[in-house]
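Participant: One file is attached below, start.txt, containing compact mmCIF, C-alpha atoms and all ligand atoms.
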```
# COMPACT_ATOMS: atom_id res chain seq x y z
CA MET N 217 51.48 181.14 -59.15
CA LEU N 218 54.52 179.32 -60.56
CA GLU N 219 54.72 178.04 -64.11
CA ALA N 220 57.46 176.02 -65.81
CA ALA N 221 58.39 177.25 -69.28
CA PRO N 222 60.01 174.17 -70.84
CA ALA N 223 62.30 174.25 -73.86
CA LYS N 224 60.69 173.28 -77.16
CA VAL N 225 62.60 170.82 -79.33
CA ASN N 226 61.74 170.24 -83.01
CA LEU N 227 62.60 166.55 -83.62
CA HIS N 228 62.11 167.22 -87.31
CA LEU N 229 61.13 170.42 -89.11
CA HIS N 230 60.02 170.43 -92.74
CA VAL N 231 59.25 173.66 -94.56
CA THR N 232 56.20 172.72 -96.63
CA GLY N 233 55.33 176.07 -98.18
CA ARG N 234 55.18 179.81 -97.74
CA ARG N 235 52.24 182.09 -97.11
CA ALA N 236 51.61 185.32 -99.02
CA ASP N 237 52.73 187.29 -95.94
CA GLY N 238 56.15 185.59 -96.00
CA TYR N 239 55.57 183.26 -93.05
CA HIS N 240 56.58 179.67 -93.69
CA LEU N 241 54.31 176.66 -93.47
CA LEU N 242 55.88 173.99 -91.31
CA ASP N 243 55.54 170.34 -90.43
CA SER N 244 57.25 169.53 -87.16
CA LEU N 245 57.19 166.93 -84.39
CA VAL N 246 57.60 169.06 -81.31
CA VAL N 247 58.51 167.81 -77.84
CA PHE N 248 59.35 169.63 -74.63
CA ALA N 249 62.45 169.04 -72.55
CA GLY N 250 62.93 169.02 -68.80
CA ALA N 251 65.11 172.11 -69.26
CA ALA N 252 62.93 175.09 -68.41
CA ASP N 253 62.65 178.72 -67.41
CA ALA N 254 60.35 179.45 -64.46
CA LEU N 255 57.78 182.22 -64.31
CA SER N 256 56.00 183.31 -61.16
CA ALA N 257 53.21 185.86 -60.84
CA ARG N 258 51.54 187.62 -57.94
CA ILE N 259 49.00 190.40 -57.76
CA ALA N 260 50.58 193.88 -57.54
CA GLU N 261 49.59 197.47 -58.29
CA GLY N 262 50.98 197.82 -61.80
CA LEU N 263 52.63 195.40 -64.25
CA SER N 264 56.32 194.62 -63.74
CA LEU N 265 58.86 191.99 -64.74
CA HIS N 266 61.89 191.03 -62.70
CA LEU N 267 64.58 188.93 -64.44
CA GLU N 268 66.94 186.56 -62.68
CA GLY N 269 68.85 183.35 -63.40
CA PRO N 270 72.00 182.50 -65.38
CA GLU N 271 70.70 183.75 -68.77
CA ALA N 272 68.91 186.89 -67.50
CA SER N 273 71.63 189.29 -68.61
CA ALA N 274 70.92 188.52 -72.29
CA LEU N 275 67.46 190.05 -71.85
CA ALA N 276 68.38 192.98 -69.64
CA GLY N 277 68.74 195.48 -72.50
CA GLU N 278 65.43 194.51 -74.12
CA ALA N 279 62.91 197.33 -73.98
CA ASP N 280 59.78 195.24 -74.32
CA ASN N 281 60.02 191.63 -73.24
CA LEU N 282 57.63 189.17 -74.89
CA VAL N 283 56.35 188.26 -71.41
CA LEU N 284 55.16 191.83 -70.84
CA ARG N 285 53.66 192.00 -74.33
CA ALA N 286 51.75 188.78 -73.61
CA ALA N 287 50.53 190.12 -70.26
CA ARG N 288 49.30 193.37 -71.78
CA ALA N 289 47.65 191.58 -74.72
CA LEU N 290 45.77 189.24 -72.35
CA ALA N 291 44.65 192.07 -70.08
CA GLU N 292 43.42 194.08 -73.03
CA ALA N 293 41.58 191.17 -74.64
CA ALA N 294 39.98 190.23 -71.31
CA GLY N 295 39.13 193.82 -70.40
CA VAL N 296 41.02 193.84 -67.10
CA VAL N 297 43.66 196.18 -65.68
CA PRO N 298 47.06 194.41 -65.87
CA ARG N 299 48.01 194.02 -62.21
CA ALA N 300 50.89 191.59 -61.70
CA ALA N 301 54.46 191.37 -60.49
CA LEU N 302 56.15 188.77 -62.68
CA THR N 303 59.48 187.10 -61.99
CA LEU N 304 61.23 185.16 -64.74
CA VAL N 305 64.08 182.81 -63.86
CA LYS N 306 65.89 182.63 -67.20
CA ARG N 307 67.88 179.42 -67.70
CA LEU N 308 67.39 178.80 -71.43
CA PRO N 309 69.66 180.71 -73.84
CA VAL N 310 67.86 183.40 -75.84
CA ALA N 311 67.43 183.34 -79.65
CA SER N 312 68.49 179.71 -79.68
CA GLY N 313 65.82 177.65 -81.46
CA ILE N 314 64.30 176.07 -78.36
CA GLY N 315 61.50 178.60 -78.02
CA GLY N 316 62.61 180.12 -74.72
CA GLY N 317 60.86 183.45 -75.30
CA SER N 318 57.77 181.66 -76.62
CA ALA N 319 57.72 179.34 -73.59
CA ASP N 320 58.03 182.33 -71.26
CA ALA N 321 55.17 184.16 -72.99
CA ALA N 322 53.02 181.01 -72.88
CA ALA N 323 53.79 180.54 -69.18
CA ALA N 324 52.78 184.16 -68.55
CA LEU N 325 49.44 183.61 -70.32
CA ARG N 326 48.78 180.47 -68.25
CA ALA N 327 49.80 182.12 -64.98
CA LEU N 328 47.83 185.32 -65.54
CA ASN N 329 44.76 183.44 -66.77
CA ARG N 330 44.65 181.88 -63.29
CA LEU N 331 45.91 184.88 -61.29
CA TRP N 332 43.27 187.15 -62.78
CA GLY N 333 40.59 184.44 -62.58
CA LEU N 334 39.76 184.73 -66.28
CA GLY N 335 38.93 181.08 -66.89
CA TRP N 336 39.92 181.21 -70.54
CA SER N 337 40.18 177.84 -72.32
CA GLU N 338 43.44 176.67 -73.88
CA ALA N 339 41.93 177.22 -77.34
CA ARG N 340 41.00 180.83 -76.53
CA LEU N 341 44.46 181.53 -75.12
CA ALA N 342 45.99 179.93 -78.23
CA GLY N 343 44.25 182.42 -80.51
CA LEU N 344 45.80 185.28 -78.58
CA ALA N 345 49.15 183.46 -78.41
CA LEU N 346 49.47 183.08 -82.18
CA ALA N 347 49.38 186.85 -82.68
CA LEU N 348 52.39 187.12 -80.34
CA GLY N 349 54.53 184.42 -81.97
CA ALA N 350 54.14 181.30 -84.11
CA ASP N 351 55.54 178.90 -81.49
CA ILE N 352 53.51 180.20 -78.55
CA PRO N 353 50.35 178.11 -79.14
CA ALA N 354 52.44 174.91 -78.95
CA CYS N 355 54.20 176.18 -75.83
CA LEU N 356 50.86 176.88 -74.13
CA ALA N 357 50.16 173.17 -73.82
CA SER N 358 53.82 172.09 -73.52
CA ARG N 359 52.69 168.64 -74.64
CA PRO N 360 54.29 166.69 -77.51
CA CYS N 361 52.51 167.71 -80.71
CA VAL N 362 52.68 167.76 -84.47
CA MET N 363 52.75 171.34 -85.63
CA ALA N 364 51.44 172.53 -89.01
CA GLY N 365 50.42 175.80 -90.60
CA VAL N 366 52.77 178.50 -89.32
CA GLY N 367 52.42 176.98 -85.85
CA GLU N 368 48.71 177.30 -85.22
CA VAL N 369 47.60 173.83 -86.34
CA LEU N 370 48.42 171.43 -83.53
CA ARG N 371 47.53 167.78 -83.10
CA PRO N 372 48.74 165.36 -80.43
CA ALA N 373 51.97 163.56 -81.27
CA PRO N 374 51.92 159.76 -81.65
CA PRO N 375 52.95 157.99 -78.40
CA LEU N 376 56.60 158.72 -77.69
CA PRO N 377 59.03 156.39 -75.93
CA GLY N 378 60.82 157.33 -72.75
CA CYS N 379 64.10 158.70 -74.05
CA GLY N 380 66.92 161.05 -73.16
CA LEU N 381 67.82 164.38 -74.71
CA VAL N 382 71.01 166.41 -74.70
CA LEU N 383 70.73 170.07 -75.69
CA ALA N 384 73.83 172.05 -76.65
CA ASN N 385 74.25 175.62 -77.83
CA PRO N 386 77.55 177.23 -78.87
CA ARG N 387 76.49 180.50 -77.20
CA ILE N 388 75.87 182.30 -80.48
CA ALA N 389 72.44 183.91 -80.85
CA LEU N 390 70.80 183.20 -84.21
CA PRO N 391 67.83 185.42 -85.16
CA THR N 392 64.97 183.35 -86.60
CA PRO N 393 64.04 185.70 -89.48
CA ALA N 394 67.63 185.66 -90.81
CA VAL N 395 67.68 181.86 -90.87
CA PHE N 396 64.35 181.64 -92.73
CA ARG N 397 65.62 184.24 -95.22
CA ALA N 398 68.85 182.31 -95.82
CA ARG N 399 67.04 179.03 -96.48
CA ALA N 400 67.56 177.75 -100.01
CA GLY N 401 65.70 175.01 -101.82
CA GLY N 402 62.10 174.10 -102.40
CA PHE N 403 59.43 172.75 -100.14
CA ARG N 404 59.15 169.31 -98.62
CA ALA N 405 56.19 167.06 -97.88
CA ALA N 406 55.05 166.52 -94.31
CA ALA N 407 56.60 163.49 -92.61
CA ALA N 408 54.36 160.40 -92.44
CA LEU N 409 54.35 159.69 -88.70
CA PRO N 410 53.31 156.20 -87.54
CA GLU N 411 50.01 156.46 -85.64
CA ALA N 412 51.14 153.82 -83.15
CA GLY N 413 54.20 155.83 -82.23
CA TRP N 414 57.56 154.32 -81.29
CA ALA N 415 58.52 151.59 -78.86
CA ASP N 416 61.93 153.02 -77.99
CA ALA N 417 64.45 155.72 -78.81
CA ALA N 418 66.11 153.51 -81.44
CA ALA N 419 62.86 153.19 -83.40
CA LEU N 420 62.21 156.92 -83.10
CA ALA N 421 65.74 157.72 -84.28
CA ARG N 422 65.35 155.40 -87.30
CA ASP N 423 62.25 157.29 -88.45
CA LEU N 424 63.72 160.71 -87.67
CA ALA N 425 66.77 159.85 -89.80
CA GLY N 426 64.48 159.83 -92.84
CA TRP N 427 63.30 163.36 -92.10
CA GLY N 428 65.30 166.49 -91.30
CA ASN N 429 65.45 170.09 -90.24
CA ASP N 430 65.09 172.20 -93.40
CA LEU N 431 66.67 175.21 -91.65
CA GLU N 432 69.87 173.40 -90.64
CA ALA N 433 71.93 174.17 -93.76
CA ALA N 434 70.95 177.85 -93.66
CA ALA N 435 71.81 178.06 -89.97
CA ILE N 436 75.22 176.43 -90.55
CA GLY N 437 75.86 178.97 -93.32
CA LEU N 438 75.20 181.82 -90.89
CA CYS N 439 76.79 180.14 -87.89
CA PRO N 440 79.35 177.42 -88.75
CA ALA N 441 79.61 176.51 -85.04
CA VAL N 442 76.31 174.63 -85.48
CA ALA N 443 78.22 172.02 -87.51
CA SER N 444 80.73 171.64 -84.67
CA VAL N 445 77.93 171.18 -82.15
CA LEU N 446 76.35 168.48 -84.33
CA ALA N 447 79.71 166.70 -84.71
CA ALA N 448 80.33 166.82 -80.95
CA LEU N 449 76.85 165.46 -80.20
CA ARG N 450 77.22 162.61 -82.72
CA ALA N 451 80.49 161.62 -81.05
CA LEU N 452 78.85 161.17 -77.63
CA PRO N 453 78.58 157.49 -76.64
CA GLY N 454 74.96 156.36 -76.87
CA CYS N 455 73.81 159.17 -79.18
CA ARG N 456 71.12 157.79 -81.51
CA LEU N 457 70.67 160.92 -83.62
CA ALA N 458 71.69 164.58 -83.53
CA ARG N 459 69.92 167.46 -85.25
CA MET N 460 69.38 171.19 -84.93
CA SER N 461 66.18 172.41 -83.22
CA GLY N 462 64.04 175.16 -84.75
CA SER N 463 66.13 177.86 -86.39
CA GLY N 464 69.15 177.04 -84.18
CA ALA N 465 71.75 177.30 -82.97
CA THR N 466 70.74 174.80 -80.26
CA CYS N 467 71.07 171.18 -81.36
CA PHE N 468 69.70 168.08 -79.66
CA ALA N 469 70.89 164.51 -79.37
CA LEU N 470 68.56 161.59 -78.73
CA PHE N 471 69.50 158.92 -76.17
CA ASP N 472 67.87 155.74 -74.85
CA ALA N 473 67.30 157.13 -71.36
CA PRO N 474 67.43 160.46 -69.47
CA GLU N 475 70.31 159.18 -67.28
CA ASP N 476 72.43 158.43 -70.38
CA ALA N 477 71.78 161.94 -71.69
CA ALA N 478 72.57 163.59 -68.35
CA ALA N 479 75.85 161.66 -68.09
CA ALA N 480 76.88 162.43 -71.67
CA THR N 481 76.79 166.24 -71.34
CA ALA N 482 80.04 166.37 -69.32
CA ALA N 483 82.00 165.48 -72.47
CA LEU N 484 80.84 168.65 -74.28
CA PRO N 485 82.92 171.86 -74.14
CA GLU N 486 82.37 173.84 -70.94
CA GLY N 487 81.95 177.10 -72.87
CA TRP N 488 78.73 175.83 -74.45
CA TRP N 489 75.30 175.90 -72.87
CA ARG N 490 74.52 172.22 -72.28
CA TRP N 491 71.75 170.24 -70.68
CA GLY N 492 70.90 166.54 -70.44
CA GLY N 493 67.78 164.78 -69.14
CA GLY N 494 64.35 163.63 -70.22
CA LEU N 495 61.20 165.05 -71.74
CA HIS N 496 59.05 167.54 -69.84
CA ALA N 497 57.01 165.25 -67.58
CA ALA N 498 53.44 166.54 -67.74
CA GLY N 499 51.27 168.84 -69.79
CA ALA N 500 50.86 172.41 -68.66
CA ALA N 501 49.45 172.90 -65.21
CA GLY N 502 46.33 174.95 -64.71
CA LEU N 503 44.56 174.36 -68.01
O1 LIG G 1 56.43 184.17 -84.94
P1 LIG G 1 57.83 184.45 -84.48
O2 LIG G 1 58.01 185.81 -83.89
O3 LIG G 1 58.38 183.35 -83.62
O4 LIG G 1 58.70 184.40 -85.81
C1 LIG G 1 59.88 185.12 -85.99
C2 LIG G 1 60.18 185.22 -87.48
O5 LIG G 1 60.49 183.94 -88.00
C3 LIG G 1 59.05 185.74 -88.33
O6 LIG G 1 59.05 187.13 -88.39
C4 LIG G 1 59.37 185.12 -89.68
O7 LIG G 1 60.37 185.86 -90.35
C5 LIG G 1 59.96 183.79 -89.32
N1 LIG G 1 58.98 182.71 -89.32
C6 LIG G 1 58.52 182.19 -90.52
N2 LIG G 1 57.60 181.16 -90.50
C7 LIG G 1 57.16 180.64 -89.35
C8 LIG G 1 57.63 181.13 -88.12
C9 LIG G 1 58.54 182.18 -88.14
O8 LIG G 1 58.91 182.64 -91.59
N3 LIG G 1 56.28 179.64 -89.37
```
Just give me the structure of the file as structure tokens.
Facilitator:
Amino acid sequence: MLEAAPAKVNLHLHVTGRRADGYHLLDSLVVFAGAADALSARIAEGLSLHLEGPEASALAGEADNLVLRAARALAEAAGVVPRAALTLVKRLPVASGIGGGSADAAAALRALNRLWGLGWSEARLAGLALALGADIPACLASRPCVMAGVGEVLRPAPPLPGCGLVLANPRIALPTPAVFRARAGGFRAAAALPEAGWADAAALARDLAGWGNDLEAAAIGLCPAVASVLAALRALPGCRLARMSGSGATCFALFDAPEDAAAATAALPEGWWRWGGGLHAAGAAGL
């Protein structure tokens, strides 16, 4: 049982309000990139998680990985004994605004739903997912969507053009709660997305330019390197638009085609985490 856990990219992110419990209400056009972690699962006696891949060391000290929490939560809700050996190939930087941990947890829910033969629907898994993290319901489907509420209200995104994405992270972890806390300013209306979608990356970039990421200024305040990443992305030939994703520090740049994005990454500093390619090809397997 092998599941891709693709990176989530917020093409825009408006903070539209705040709930009584402190969670923020969001409006965000979310897409998934070809960049992904990989999670595999097989039946075993107990529940275990093996970490490998270039970014695994960042998680090694963590006592309770979100993947294990997701596995235990699913087993408990389904009334089964959690029997699985999980392997996570970690390629996405942690605490970086592209939902790596959320994507991993979502991949675990999808994989174990099949491995344990539970037959839960995507909607039923999403209910469980929300309790584990606001981004996890969106990551379950890994399809482009418009996110509202704190992350639990999802509708399909308007048709997107084929386009390229560069992702770059200065290798500085930025904790999401700190960024939300540092955000100044009021609330913004949801973006008015065209139902017909966009013909090409240029049209998408023109609309995105009118919207923004309401966490970007706060993230730059906490981590000035985000401004350098944005400047470097904007200087890449062919870049249509550059913006921070989620609560940062990863930023994305939009290109006309995946090949353009892949070629452009070489010009970014080698010390950064960088990736170039296209959008995640299909929706989640197995649902
Ligand atoms: O749900 P998740 O664990 O991803 O969120 C991490 C933190 O980010 C929350 O504890 C909260 O401080 C903040 N957050 C928020 N509003 C959201 C999502 C996250 O304030 N919609």
Participant: Would you list the contacts of region 327-337 of chain N as a PyMOL selection string, taking every protein, DNA or RNA residue within 7 Å and counting only C-alpha atoms, but skipping same-chain residues closer than 3 positions in sequence?
Facilitator: chain N and resi 217+219+257+323-324+340-341
Participant: Taking into account all atoms listed in the file, which residue in the set N:Val369, N:Ala433, N:Cys379, N:Ala405 is nearest to Leu420 (chain N)?
Facilitator: N:Cys379
Participant: Please find the residues contacting ligand LIG 1 (chain G) at a distance of at most 7 Å between atoms, with all atoms listed in the file counted, and report them as a CSV table (one decimal) with C-alpha atoms, in the coordinates of the input.
Facilitator:
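What ended up in result.csv:
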```csv
chain,number,residue,atom,x,y,z
N,238,GLY,CA,56.2,185.6,-96.0
N,239,TYR,CA,55.6,183.3,-93.0
N,240,HIS,CA,56.6,179.7,-93.7
N,241,LEU,CA,54.3,176.7,-93.5
N,242,LEU,CA,55.9,174.0,-91.3
N,348,LEU,CA,52.4,187.1,-80.3
N,349,GLY,CA,54.5,184.4,-82.0
N,350,ALA,CA,54.1,181.3,-84.1
N,351,ASP,CA,55.5,178.9,-81.5
N,366,VAL,CA,52.8,178.5,-89.3
N,367,GLY,CA,52.4,177.0,-85.8
N,392,THR,CA,65.0,183.4,-86.6
N,393,PRO,CA,64.0,185.7,-89.5
N,396,PHE,CA,64.4,181.6,-92.7
```
Participant: Quick one, how far is CA of Ala223 (chain N) from CA of Glu271 (chain N)?
Facilitator: 13.7 Å
Participant: Taking only C-alpha atoms into account, which of N:Gly426, N:Gly233, N:Pro298, N:Pro374 comes nearest Glu261 (chain N)?
Facilitator: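 Closest to Glu261 (chain N) of all the choices is N:Pro298.
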Participant: Which residue is closest to Ile314 (chain N)? Choose from N:Pro440, N:Pro485, N:Gly343, N:Pro222 and count only C-alpha atoms.
Facilitator: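 Counting only C-alpha atoms, the residue closest to Ile314 (chain N) is N:Pro222.
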